[in-house]
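Take a look at the structure below.
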Amino acid sequence: MNMYEWAETIIFFVVLLALVKPLGTFMARVFQGERTFLSPVLVPCENLLYRICGVNRDEEMDWKRYAVGLVLFNLLTGVALFAMLMLQGILPLNPQKFPAFSWHLALNTAISFMTNTNWQNYSGESAASYFTQMFGFAVHNFTSAATGIVVAIALIRGFVRRRTTAIGNFWVDLTRCTLYILLPLSIVFAVFLVSQGVIQNFSAYRTVPLVQPVTYDKPKLDDKGNPIKDAKGNPVTESVTAKEVTIPMGPVASQEAIKELGTNGGGFFNANSAHPYENPTPFSNVAEIFLILLISGALTATFGRMAGNPRQGWALLAVMLAILVFALGVLYWAESSGNPLVAKLGVQGINMEGKETRFGLAGTSLFTVATTGTSCGAVNTMHDSLTPLGGMMPLSLILLSEVVFGGVGTGLYTMLAFVVIAVFVAGLMIGRTPEFLGKKIEVREMWMSIITVLVAGILVLIFSGIAMVVPQAIASMNNPGAHGLSEVLYAFASMSNNNGSAFAGLNGNTVFYNLTGALCMVVGRFAPILASLAMAGSLAEKKYVPPSLGTLPTDKVPFALWLGLVILIVGALTFFPALSLGPIVEQLQMMR
Amino acid sequence: MKELKPAILLFIIFTIICGGIYPAVVTGIAAVAFPRQAKGSFITDKGGKEIGSSLIGQPFSDPKYFWPRPSAATDFAYNAIGSGGSNSGPTNPDYLKTVGDRVKALRDTGVTGSIPADLVQASGSGLDPHISPEAANVQVARIAKARGMSEDEVAKLVAAHTEERQLGFLGDPRVNVLEVNLALDAAK
């Protein structure tokens, strides 16, 4: 790293960490119903909403009712988006006249946005209308983010409350999260992104002349739009000269802000945050990385404050930060070392395939670990073209169940499941009572934590295995050999953990990947959510056990180290065999 | 199903607020505060006609122009409606052959020494408007010869269109290919 890159990285983390406490405290106040500086404006809006919807803001729910509301709401949003995609052709705000999605692509996409995954088997600029982008995708970016956050809040309440069944009101939590947290931050950052060059308009696509016209071979199509093939089965092409180019437009900045803030990650354009209209400058780049990590980082402080033990929040954040910085270091080193096979051709420098010039390697590496440590999945470089060891970092961060900051809310509740497991295992090893924040950890909590932590891993291994024997699935690979396995492994890791980034060479728009992926996304999302809510319910009912000499302190360095170790061991035991057949083998082939 | 009513109504209300009002508000503020950027950072000629965007690269292969980075956009290089990268893995033989061909094409124009990586490896967006200053420098001699300009004149135009690190430390220095090529045409 040169001194500029050190400065960029260090200043970034200093600013991020400086905002953890203020935002975390603000969020705690919002969810505890206290007054904030936004209250004078928003309380009347909030009350009006509750009146229209018939919500009693003071009525609390037990975990089952909370879960019913959550599932019902999400189901509704998913069905609405599916319908919107199937009807796209006849809906308004469609200046490019894009037709409806195929049924399996619509299903995959609806589930993808409902589950905060934003896996995209379509290209935004050539398939999705402005109506779909705004009223479909952007709305889901808000609702799915809020869903994740409120589950984390409900789980915190479970730890904090005593001898009650009440864990909060889903409708109130959802409304406050959207109005007080997501919307204000999105508006501010969307405007900032426009200042950097992110577009925000409703124009039809623009056409400009090319300074130098370009001639290329275009596959000939028959009347039905299928490629014509010659006697040998090769596609017939004709030489075409393009004298002008069409430049896509749209309300991008508003989508971009919530896409990063809500760790959604679904790009307006196919190239996602590598596209100059989504991420035009180095400054917009660090701002987007900042948004990706902001809420998840601050939620640790929300947790610390609500639990009455800020140190406990910092301990969780320290574990996350340590793993993130380690992955960042390895990724930067692997990419700056470059590709020896390309160096042999007389090319000098870092591996630039799939990277943009303007961000620099520090800005590119930081974005990559941030987007995969969280469940964001936006990309500013093509992960498929990273060096094998470099590409293993985003893949591994996803496979660690996305607890390195993690998705908004999802990161915290998954981390708390790891804490429960770590407390339990440590308790067994040193003969202490397994308890956390004064709550005894018993069989039920262990079951729920294990479901939260292991469901995604089980899905990844089973479906990657199935894909290896299905010819249609193998045909989707874009690269031969070990790299092809990495593409498939990455796809199922990404969908099961609701990340949404891809080794995008893999052609995911097939019936096989659309349907298996949809299943992975639903189970990978809702099994941990329901397990966390069930755990919240059972914890809230327990009585408080005051700390004694037998209590393991969980807010000190030894426990933080232990927690980090548990996360890494669970990840390594589950995935080491698969990783050694994919990226590790390929790295050795490349170095040979 | 006591929860059905709030589920439906809240979903409708959030759709209106987050899907309609929010983008409309941002569009309104953007149109007033940053109209040029909101519309796409277009470059206009003297008559006010849009001739390109300073953020969206264009394909160049003529020796008299600076060549941009290779582009893996669909159909043709720098097709703005088909953004995307090659997604080639680092050990893919087809990919290594492609890079080798690009190196050879540069060698044929008289480039000696090692080749800057960004000039032979495709960008992520396929629309990258920039190249590194090193990638511009290895092309200066070719362009000067093709245009009958001195290398100094060309190098000066490169320097004039080099963007430094933002705020002094963010990102990498870079040359805007479309802008420098338009400047070349204007100069000669």
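Residues are named by chain letter and number: chains run A, B, ... in the order of the structure tokens, numbers start at 1 in each chain, and ligands are numbered from 1 in the order shown.
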
Using only C-alpha atoms, find which residues of chain A lie within 6 Å of chain B and jot them down as a short mmCIF file (atom, residue, chain, number, x, y, z; two decimals) with all heavy atoms, in the first residue's frame.
data_model
loop_
_atom_site.label_atom_id
_atom_site.label_comp_id
_atom_site.auth_asym_id
_atom_site.auth_seq_id
_atom_site.Cartn_x
_atom_site.Cartn_y
_atom_site.Cartn_z
N TYR A 4 -1.12 7.05 0.24
CA TYR A 4 -2.50 7.51 -0.01
C TYR A 4 -3.50 6.42 0.35
O TYR A 4 -4.56 6.67 0.91
CB TYR A 4 -2.66 7.89 -1.49
CG TYR A 4 -1.70 8.94 -1.94
CD1 TYR A 4 -0.59 8.61 -2.71
CD2 TYR A 4 -1.89 10.28 -1.59
CE1 TYR A 4 0.30 9.58 -3.12
CE2 TYR A 4 -1.00 11.26 -2.00
CZ TYR A 4 0.11 10.91 -2.76
OH TYR A 4 0.98 11.87 -3.16
N GLU A 8 -6.43 6.56 3.01
CA GLU A 8 -7.83 6.29 2.66
C GLU A 8 -8.42 5.25 3.60
O GLU A 8 -9.52 5.41 4.13
CB GLU A 8 -7.92 5.81 1.19
CG GLU A 8 -9.32 5.43 0.77
CD GLU A 8 -9.45 5.18 -0.74
OE1 GLU A 8 -8.57 5.60 -1.50
OE2 GLU A 8 -10.45 4.56 -1.14
N CYS A 53 -53.85 2.17 9.78
CA CYS A 53 -53.65 0.72 9.70
C CYS A 53 -54.27 -0.04 10.87
O CYS A 53 -54.18 -1.26 10.92
CB CYS A 53 -52.15 0.41 9.63
SG CYS A 53 -51.36 1.21 8.24
N GLY A 69 -46.85 -11.66 11.94
CA GLY A 69 -46.89 -10.36 11.26
C GLY A 69 -45.75 -10.24 10.26
O GLY A 69 -45.95 -9.83 9.11
N PHE A 73 -46.30 -10.06 6.23
CA PHE A 73 -45.89 -8.84 5.54
C PHE A 73 -44.91 -9.17 4.41
O PHE A 73 -45.05 -8.69 3.28
CB PHE A 73 -45.25 -7.88 6.54
CG PHE A 73 -44.81 -6.57 5.95
CD1 PHE A 73 -45.73 -5.59 5.64
CD2 PHE A 73 -43.47 -6.33 5.67
CE1 PHE A 73 -45.33 -4.38 5.08
CE2 PHE A 73 -43.06 -5.13 5.11
CZ PHE A 73 -44.00 -4.15 4.82
N MET A 134 -38.48 1.36 -9.01
CA MET A 134 -38.90 2.21 -7.88
C MET A 134 -39.92 1.52 -6.98
O MET A 134 -39.70 1.35 -5.79
CB MET A 134 -39.55 3.50 -8.40
CG MET A 134 -38.57 4.46 -9.05
SD MET A 134 -39.45 5.63 -10.09
CE MET A 134 -40.54 6.41 -8.91
N PHE A 135 -41.05 1.14 -7.57
CA PHE A 135 -42.14 0.61 -6.75
C PHE A 135 -41.94 -0.85 -6.41
O PHE A 135 -42.56 -1.39 -5.51
CB PHE A 135 -43.48 0.83 -7.45
CG PHE A 135 -43.86 2.28 -7.54
CD1 PHE A 135 -43.66 3.00 -8.70
CD2 PHE A 135 -44.39 2.93 -6.43
CE1 PHE A 135 -43.99 4.34 -8.78
CE2 PHE A 135 -44.72 4.28 -6.50
CZ PHE A 135 -44.52 4.99 -7.68
N VAL A 139 -38.66 -0.32 -3.00
CA VAL A 139 -39.53 -0.54 -1.83
C VAL A 139 -39.04 -1.75 -1.05
O VAL A 139 -38.96 -1.73 0.19
CB VAL A 139 -41.00 -0.72 -2.28
CG1 VAL A 139 -41.86 -1.12 -1.10
CG2 VAL A 139 -41.51 0.56 -2.92
N VAL A 194 -25.61 12.10 -5.99
CA VAL A 194 -25.85 12.88 -7.20
C VAL A 194 -24.74 13.91 -7.38
O VAL A 194 -24.25 14.14 -8.49
CB VAL A 194 -27.22 13.59 -7.16
CG1 VAL A 194 -27.41 14.44 -8.41
CG2 VAL A 194 -28.35 12.57 -7.05
N SER A 195 -24.31 14.53 -6.27
CA SER A 195 -23.26 15.55 -6.38
C SER A 195 -21.99 14.97 -7.00
O SER A 195 -21.22 15.66 -7.64
CB SER A 195 -22.94 16.15 -5.01
OG SER A 195 -22.09 15.27 -4.28
N GLY A 197 -22.06 12.55 -9.29
CA GLY A 197 -22.30 12.17 -10.67
C GLY A 197 -23.26 11.01 -10.86
O GLY A 197 -23.49 10.58 -11.99
N ILE A 199 -26.67 9.47 -11.52
CA ILE A 199 -27.79 10.13 -12.18
C ILE A 199 -29.08 9.96 -11.38
O ILE A 199 -29.23 9.04 -10.59
CB ILE A 199 -27.99 9.60 -13.62
CG1 ILE A 199 -28.17 8.08 -13.63
CG2 ILE A 199 -26.83 10.01 -14.50
CD1 ILE A 199 -28.51 7.52 -14.99
N GLN A 200 -30.01 10.88 -11.58
CA GLN A 200 -31.31 10.84 -10.92
C GLN A 200 -32.30 11.57 -11.81
O GLN A 200 -32.42 12.80 -11.76
CB GLN A 200 -31.23 11.49 -9.53
CG GLN A 200 -32.53 11.53 -8.76
CD GLN A 200 -32.95 10.17 -8.22
OE1 GLN A 200 -32.13 9.27 -8.07
NE2 GLN A 200 -34.23 10.00 -7.95
N VAL A 208 -26.16 9.20 -28.07
CA VAL A 208 -25.13 10.17 -28.46
C VAL A 208 -24.28 9.55 -29.58
O VAL A 208 -24.15 8.34 -29.66
CB VAL A 208 -24.20 10.55 -27.28
CG1 VAL A 208 -24.96 11.31 -26.21
CG2 VAL A 208 -23.50 9.35 -26.71
N ILE A 247 -27.35 5.55 -24.06
CA ILE A 247 -26.91 5.65 -22.67
C ILE A 247 -28.13 5.56 -21.76
O ILE A 247 -29.07 6.34 -21.90
CB ILE A 247 -26.15 6.97 -22.43
CG1 ILE A 247 -24.89 6.98 -23.31
CG2 ILE A 247 -25.79 7.14 -20.97
CD1 ILE A 247 -24.00 8.18 -23.12
N SER A 254 -31.40 7.50 -5.83
CA SER A 254 -32.31 7.14 -4.74
C SER A 254 -32.23 5.64 -4.47
O SER A 254 -32.30 5.19 -3.33
CB SER A 254 -33.74 7.57 -5.06
OG SER A 254 -34.15 7.07 -6.31
N ASN A 270 -26.45 -3.59 -14.75
CA ASN A 270 -25.82 -4.91 -14.67
C ASN A 270 -24.47 -4.85 -13.96
O ASN A 270 -24.14 -5.72 -13.16
CB ASN A 270 -25.66 -5.49 -16.08
CG ASN A 270 -25.16 -6.91 -16.05
OD1 ASN A 270 -25.69 -7.73 -15.30
ND2 ASN A 270 -24.15 -7.20 -16.83
N ALA A 271 -23.68 -3.82 -14.24
CA ALA A 271 -22.34 -3.74 -13.65
C ALA A 271 -22.36 -3.29 -12.20
O ALA A 271 -21.31 -3.19 -11.57
CB ALA A 271 -21.45 -2.82 -14.47
N ALA A 274 -19.81 -0.98 -10.04
CA ALA A 274 -18.67 -0.71 -10.92
C ALA A 274 -19.09 0.27 -12.01
O ALA A 274 -18.25 0.88 -12.66
CB ALA A 274 -18.16 -2.00 -11.56
N HIS A 275 -20.41 0.42 -12.23
CA HIS A 275 -20.92 1.29 -13.30
C HIS A 275 -20.68 2.75 -12.94
O HIS A 275 -21.00 3.17 -11.82
CB HIS A 275 -22.43 1.03 -13.46
CG HIS A 275 -22.98 1.54 -14.76
ND1 HIS A 275 -23.06 2.88 -15.04
CD2 HIS A 275 -23.47 0.89 -15.84
CE1 HIS A 275 -23.58 3.03 -16.26
NE2 HIS A 275 -23.84 1.84 -16.76
N PRO A 276 -20.14 3.53 -13.88
CA PRO A 276 -19.84 4.93 -13.54
C PRO A 276 -21.07 5.75 -13.15
O PRO A 276 -20.93 6.76 -12.45
CB PRO A 276 -19.23 5.49 -14.84
CG PRO A 276 -18.84 4.31 -15.64
CD PRO A 276 -19.71 3.17 -15.23
N PRO A 282 -13.97 8.22 -6.65
CA PRO A 282 -13.42 7.56 -5.45
C PRO A 282 -14.17 7.97 -4.18
O PRO A 282 -14.31 7.17 -3.25
CB PRO A 282 -11.97 8.07 -5.40
CG PRO A 282 -11.64 8.43 -6.81
CD PRO A 282 -12.92 8.92 -7.42
N GLY A 346 4.30 -10.16 -20.24
CA GLY A 346 4.94 -8.85 -20.33
C GLY A 346 4.10 -7.72 -19.74
O GLY A 346 4.34 -6.55 -20.03
N VAL A 347 3.10 -8.09 -18.93
CA VAL A 347 2.22 -7.09 -18.34
C VAL A 347 2.66 -6.82 -16.90
O VAL A 347 2.98 -7.74 -16.16
CB VAL A 347 0.76 -7.58 -18.34
CG1 VAL A 347 -0.16 -6.53 -17.72
CG2 VAL A 347 0.33 -7.89 -19.76
N GLN A 348 2.66 -5.54 -16.54
CA GLN A 348 3.14 -5.18 -15.22
C GLN A 348 1.99 -4.70 -14.35
O GLN A 348 1.08 -4.05 -14.82
CB GLN A 348 4.15 -4.05 -15.35
CG GLN A 348 4.79 -3.66 -14.04
CD GLN A 348 5.61 -2.41 -14.20
OE1 GLN A 348 5.23 -1.50 -14.93
NE2 GLN A 348 6.74 -2.35 -13.51
N GLY A 349 2.07 -5.03 -13.07
CA GLY A 349 1.15 -4.40 -12.12
C GLY A 349 0.15 -5.34 -11.51
O GLY A 349 0.24 -6.57 -11.64
N MET A 352 -5.84 -6.23 -12.83
CA MET A 352 -6.84 -5.19 -13.14
C MET A 352 -8.08 -5.75 -13.82
O MET A 352 -9.02 -5.01 -14.10
CB MET A 352 -6.23 -4.11 -14.04
CG MET A 352 -5.42 -3.06 -13.32
SD MET A 352 -6.35 -2.15 -12.06
CE MET A 352 -7.32 -1.03 -13.07
N GLU A 353 -8.10 -7.04 -14.11
CA GLU A 353 -9.27 -7.59 -14.79
C GLU A 353 -10.51 -7.42 -13.91
O GLU A 353 -10.51 -7.83 -12.74
CB GLU A 353 -9.06 -9.07 -15.12
CG GLU A 353 -10.17 -9.71 -15.94
CD GLU A 353 -10.23 -9.20 -17.38
OE1 GLU A 353 -9.17 -8.79 -17.91
OE2 GLU A 353 -11.32 -9.18 -17.96
N GLY A 354 -11.55 -6.79 -14.46
CA GLY A 354 -12.79 -6.61 -13.71
C GLY A 354 -12.78 -5.43 -12.75
O GLY A 354 -13.75 -5.21 -12.04
N LYS A 355 -11.66 -4.68 -12.71
CA LYS A 355 -11.59 -3.54 -11.79
C LYS A 355 -11.69 -2.23 -12.56
O LYS A 355 -11.32 -2.15 -13.72
CB LYS A 355 -10.27 -3.57 -11.02
CG LYS A 355 -10.14 -4.74 -10.09
CD LYS A 355 -8.90 -4.60 -9.22
CE LYS A 355 -8.73 -5.80 -8.30
NZ LYS A 355 -8.47 -7.04 -9.05
N GLU A 356 -12.16 -1.19 -11.88
CA GLU A 356 -12.24 0.14 -12.47
C GLU A 356 -10.98 0.93 -12.12
O GLU A 356 -10.41 0.76 -11.03
CB GLU A 356 -13.48 0.86 -11.93
CG GLU A 356 -14.79 0.17 -12.27
CD GLU A 356 -15.17 0.30 -13.74
OE1 GLU A 356 -15.44 1.43 -14.19
OE2 GLU A 356 -15.19 -0.74 -14.42
N ARG A 358 -10.67 4.22 -11.51
CA ARG A 358 -10.78 5.36 -10.60
C ARG A 358 -10.70 5.01 -9.11
O ARG A 358 -10.26 5.82 -8.31
CB ARG A 358 -12.08 6.13 -10.88
CG ARG A 358 -13.35 5.31 -10.72
CD ARG A 358 -14.55 6.02 -11.36
NE ARG A 358 -15.76 5.21 -11.31
CZ ARG A 358 -16.04 4.23 -12.15
NH1 ARG A 358 -15.20 3.92 -13.10
NH2 ARG A 358 -17.16 3.53 -12.04
N PHE A 359 -11.11 3.80 -8.72
CA PHE A 359 -11.21 3.51 -7.28
C PHE A 359 -9.85 3.26 -6.63
O PHE A 359 -9.69 3.48 -5.44
CB PHE A 359 -12.11 2.30 -7.02
CG PHE A 359 -13.48 2.43 -7.60
CD1 PHE A 359 -14.11 1.36 -8.20
CD2 PHE A 359 -14.16 3.64 -7.53
CE1 PHE A 359 -15.38 1.48 -8.74
CE2 PHE A 359 -15.44 3.78 -8.07
CZ PHE A 359 -16.04 2.68 -8.68
N GLY A 360 -8.90 2.75 -7.40
CA GLY A 360 -7.64 2.32 -6.80
C GLY A 360 -7.83 0.98 -6.10
O GLY A 360 -8.95 0.58 -5.80
N THR A 381 -16.14 -4.41 -8.29
CA THR A 381 -15.21 -5.15 -9.13
C THR A 381 -15.85 -6.51 -9.39
O THR A 381 -16.71 -6.94 -8.63
CB THR A 381 -13.85 -5.32 -8.42
OG1 THR A 381 -13.01 -6.13 -9.24
CG2 THR A 381 -14.01 -6.03 -7.08
N MET A 382 -15.46 -7.16 -10.47
CA MET A 382 -16.07 -8.45 -10.78
C MET A 382 -15.35 -9.54 -9.99
O MET A 382 -14.20 -9.87 -10.26
CB MET A 382 -16.00 -8.72 -12.28
CG MET A 382 -16.78 -7.70 -13.10
SD MET A 382 -18.55 -7.66 -12.65
CE MET A 382 -18.78 -5.90 -12.35
N ASP A 384 -15.55 -12.64 -9.95
CA ASP A 384 -15.14 -13.80 -10.72
C ASP A 384 -13.72 -13.66 -11.24
O ASP A 384 -13.03 -14.65 -11.47
CB ASP A 384 -16.11 -13.97 -11.92
CG ASP A 384 -16.35 -15.43 -12.25
OD1 ASP A 384 -15.60 -16.29 -11.77
OD2 ASP A 384 -17.29 -15.71 -13.01
N SER A 385 -13.27 -12.42 -11.45
CA SER A 385 -11.95 -12.18 -12.04
C SER A 385 -10.88 -11.87 -11.01
O SER A 385 -9.75 -11.53 -11.37
CB SER A 385 -12.02 -11.04 -13.06
OG SER A 385 -12.90 -11.37 -14.10
N THR A 387 -8.00 -12.83 -8.25
CA THR A 387 -7.10 -13.98 -8.17
C THR A 387 -7.76 -15.03 -7.27
O THR A 387 -8.64 -14.69 -6.46
CB THR A 387 -5.76 -13.58 -7.54
OG1 THR A 387 -6.01 -13.06 -6.24
CG2 THR A 387 -5.06 -12.51 -8.37
N GLY A 505 -19.77 -14.88 -13.95
CA GLY A 505 -19.64 -15.59 -15.22
C GLY A 505 -20.67 -16.70 -15.32
O GLY A 505 -21.15 -17.04 -16.39
#

Residues of stretch 3-188 of chain B in alpha helix (DSSP H), written as JSON, numbers by chain: {"B": [4, 5, 6, 7, 8, 9, 10, 11, 12, 13, 14, 22, 23, 24, 25, 26, 27, 28, 29, 30, 31, 32, 33, 35, 36, 37, 38, 39, 93, 94, 95, 96, 97, 98, 99, 100, 101, 102, 103, 104, 105, 106, 107, 108, 133, 134, 135, 136, 137, 140, 141, 142, 143, 144, 145, 146, 147, 151, 152, 153, 154, 155, 156, 157, 158, 159, 160, 177, 178, 179, 180, 181, 182, 183, 184, 185, 186, 187]}

Per-residue DSSP, stretch 357-560 of chain A, filtered to strand (DSSP E), as a PyMOL selection string: chain A and resi 435-436+439-440

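Proximity to B:Ala160 was assessed for B:Ile21, B:Val138, B:Val177, B:Ala105 counting only C-alpha atoms; the smallest distance is recorded for B:Val177.
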
Shell around A:Val330 at 12 Å using only C-alpha atoms, local window under 5 positions removed, as a PyMOL selection string: chain A and resi 323-325+335-337+362+365-366+368-369+387-394+396

Go ahead and write the residues just picked, N, CA and C atoms, as a JSON list (two decimals), in the first residue's frame.
[["chain", "number", "residue", "atom", "x", "y", "z"],
["A", 323, "ILE", "N", -11.80, -9.62, 11.93],
["A", 323, "ILE", "CA", -11.92, -10.54, 10.79],
["A", 323, "ILE", "C", -11.95, -9.74, 9.49],
["A", 324, "LEU", "N", -12.65, -8.60, 9.50],
["A", 324, "LEU", "CA", -12.74, -7.78, 8.28],
["A", 324, "LEU", "C", -11.36, -7.28, 7.85],
["A", 325, "VAL", "N", -10.60, -6.80, 8.80],
["A", 325, "VAL", "CA", -9.28, -6.25, 8.47],
["A", 325, "VAL", "C", -8.35, -7.36, 7.97],
["A", 335, "GLU", "N", -4.31, -9.39, -4.71],
["A", 335, "GLU", "CA", -4.56, -8.64, -5.95],
["A", 335, "GLU", "C", -3.35, -7.80, -6.34],
["A", 336, "SER", "N", -2.65, -7.25, -5.35],
["A", 336, "SER", "CA", -1.49, -6.42, -5.70],
["A", 336, "SER", "C", -0.34, -7.30, -6.20],
["A", 337, "SER", "N", -0.31, -8.56, -5.78],
["A", 337, "SER", "CA", 0.72, -9.47, -6.30],
["A", 337, "SER", "C", 0.46, -9.79, -7.77],
["A", 362, "ALA", "N", -7.02, 0.01, -3.05],
["A", 362, "ALA", "CA", -7.52, 0.08, -1.67],
["A", 362, "ALA", "C", -9.04, 0.22, -1.66],
["A", 365, "SER", "N", -10.61, -3.10, -2.84],
["A", 365, "SER", "CA", -10.53, -4.21, -1.86],
["A", 365, "SER", "C", -11.48, -3.96, -0.69],
["A", 366, "LEU", "N", -11.52, -2.72, -0.23],
["A", 366, "LEU", "CA", -12.37, -2.39, 0.91],
["A", 366, "LEU", "C", -13.84, -2.63, 0.58],
["A", 368, "THR", "N", -14.98, -4.73, -1.57],
["A", 368, "THR", "CA", -15.22, -6.16, -1.75],
["A", 368, "THR", "C", -15.41, -6.88, -0.41],
["A", 369, "VAL", "N", -14.57, -6.56, 0.59],
["A", 369, "VAL", "CA", -14.77, -7.24, 1.88],
["A", 369, "VAL", "C", -15.99, -6.69, 2.61],
["A", 387, "THR", "N", -8.00, -12.83, -8.25],
["A", 387, "THR", "CA", -7.10, -13.98, -8.17],
["A", 387, "THR", "C", -7.76, -15.03, -7.27],
["A", 388, "PRO", "N", -7.38, -16.30, -7.39],
["A", 388, "PRO", "CA", -8.08, -17.33, -6.60],
["A", 388, "PRO", "C", -8.07, -17.04, -5.11],
["A", 389, "LEU", "N", -6.91, -16.70, -4.56],
["A", 389, "LEU", "CA", -6.83, -16.43, -3.13],
["A", 389, "LEU", "C", -7.63, -15.17, -2.79],
["A", 390, "GLY", "N", -7.54, -14.15, -3.65],
["A", 390, "GLY", "CA", -8.32, -12.93, -3.45],
["A", 390, "GLY", "C", -9.81, -13.25, -3.46],
["A", 391, "GLY", "N", -10.26, -14.03, -4.43],
["A", 391, "GLY", "CA", -11.67, -14.38, -4.55],
["A", 391, "GLY", "C", -12.15, -15.23, -3.39],
["A", 392, "MET", "N", -11.20, -15.93, -2.75],
["A", 392, "MET", "CA", -11.60, -16.76, -1.60],
["A", 392, "MET", "C", -12.00, -15.89, -0.41],
["A", 393, "MET", "N", -11.53, -14.64, -0.36],
["A", 393, "MET", "CA", -11.88, -13.78, 0.78],
["A", 393, "MET", "C", -13.36, -13.43, 0.78],
["A", 394, "PRO", "N", -13.90, -12.83, -0.32],
["A", 394, "PRO", "CA", -15.35, -12.60, -0.29],
["A", 394, "PRO", "C", -16.14, -13.90, -0.10],
["A", 396, "SER", "N", -15.26, -16.59, 1.52],
["A", 396, "SER", "CA", -15.18, -17.04, 2.92],
["A", 396, "SER", "C", -16.00, -16.15, 3.84]]

All residues 9 Å or closer to stretch 13-19 of chain A, only C-alpha atoms, same chain fewer than 2 positions away omitted, as a VMD selection string: chain A and resid 8 to 11 21 to 24 290 293 to 294 297 to 298

A:Arg592 surroundings by only C-alpha atoms, 12 Å radius, close-in-sequence under 4 positions cut, as a PyMOL selection string: (chain A and resi 339-341+585-588) or (chain B and resi 91)

Mind writing the picked residues with C-alpha atoms as a PDB file, in the first residue's frame?
ATOM      1  CA  ASN A 339      -1.581 -12.785 -11.864  1.00  0.00           C
ATOM      2  CA  PRO A 340       1.737 -14.550 -12.640  1.00  0.00           C
ATOM      3  CA  LEU A 341       0.280 -16.023 -15.839  1.00  0.00           C
ATOM      4  CA  VAL A 585      -6.330 -25.662  -6.026  1.00  0.00           C
ATOM      5  CA  GLU A 586      -6.631 -22.855  -8.557  1.00  0.00           C
ATOM      6  CA  GLN A 587      -4.184 -20.655  -6.641  1.00  0.00           C
ATOM      7  CA  LEU A 588      -1.642 -23.494  -6.736  1.00  0.00           C
TER       8      LEU A 588
ATOM      9  CA  THR B  91      -6.357 -19.271 -15.077  1.00  0.00           C
TER      10      THR B  91
END

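Nearest to A:Leu321 of all the residues A:Thr300, A:Ser375, A:Gln589, A:Ser580 is A:Thr300, counting only C-alpha atoms.
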
Close residues, A:Glu256 itself excluded, 10 Å, only C-alpha atoms, min 4 positions apart in chain, as number ranges by chain: A: 138, 141, 186, 189-190, 193, 198-199, 251-252, 260-261, 264-268, 272-273, 277-279, 288, 378

Atom pair atom CA of A:Lys542 / atom CA of A:Ile167: separation (Å): 12.7 Å
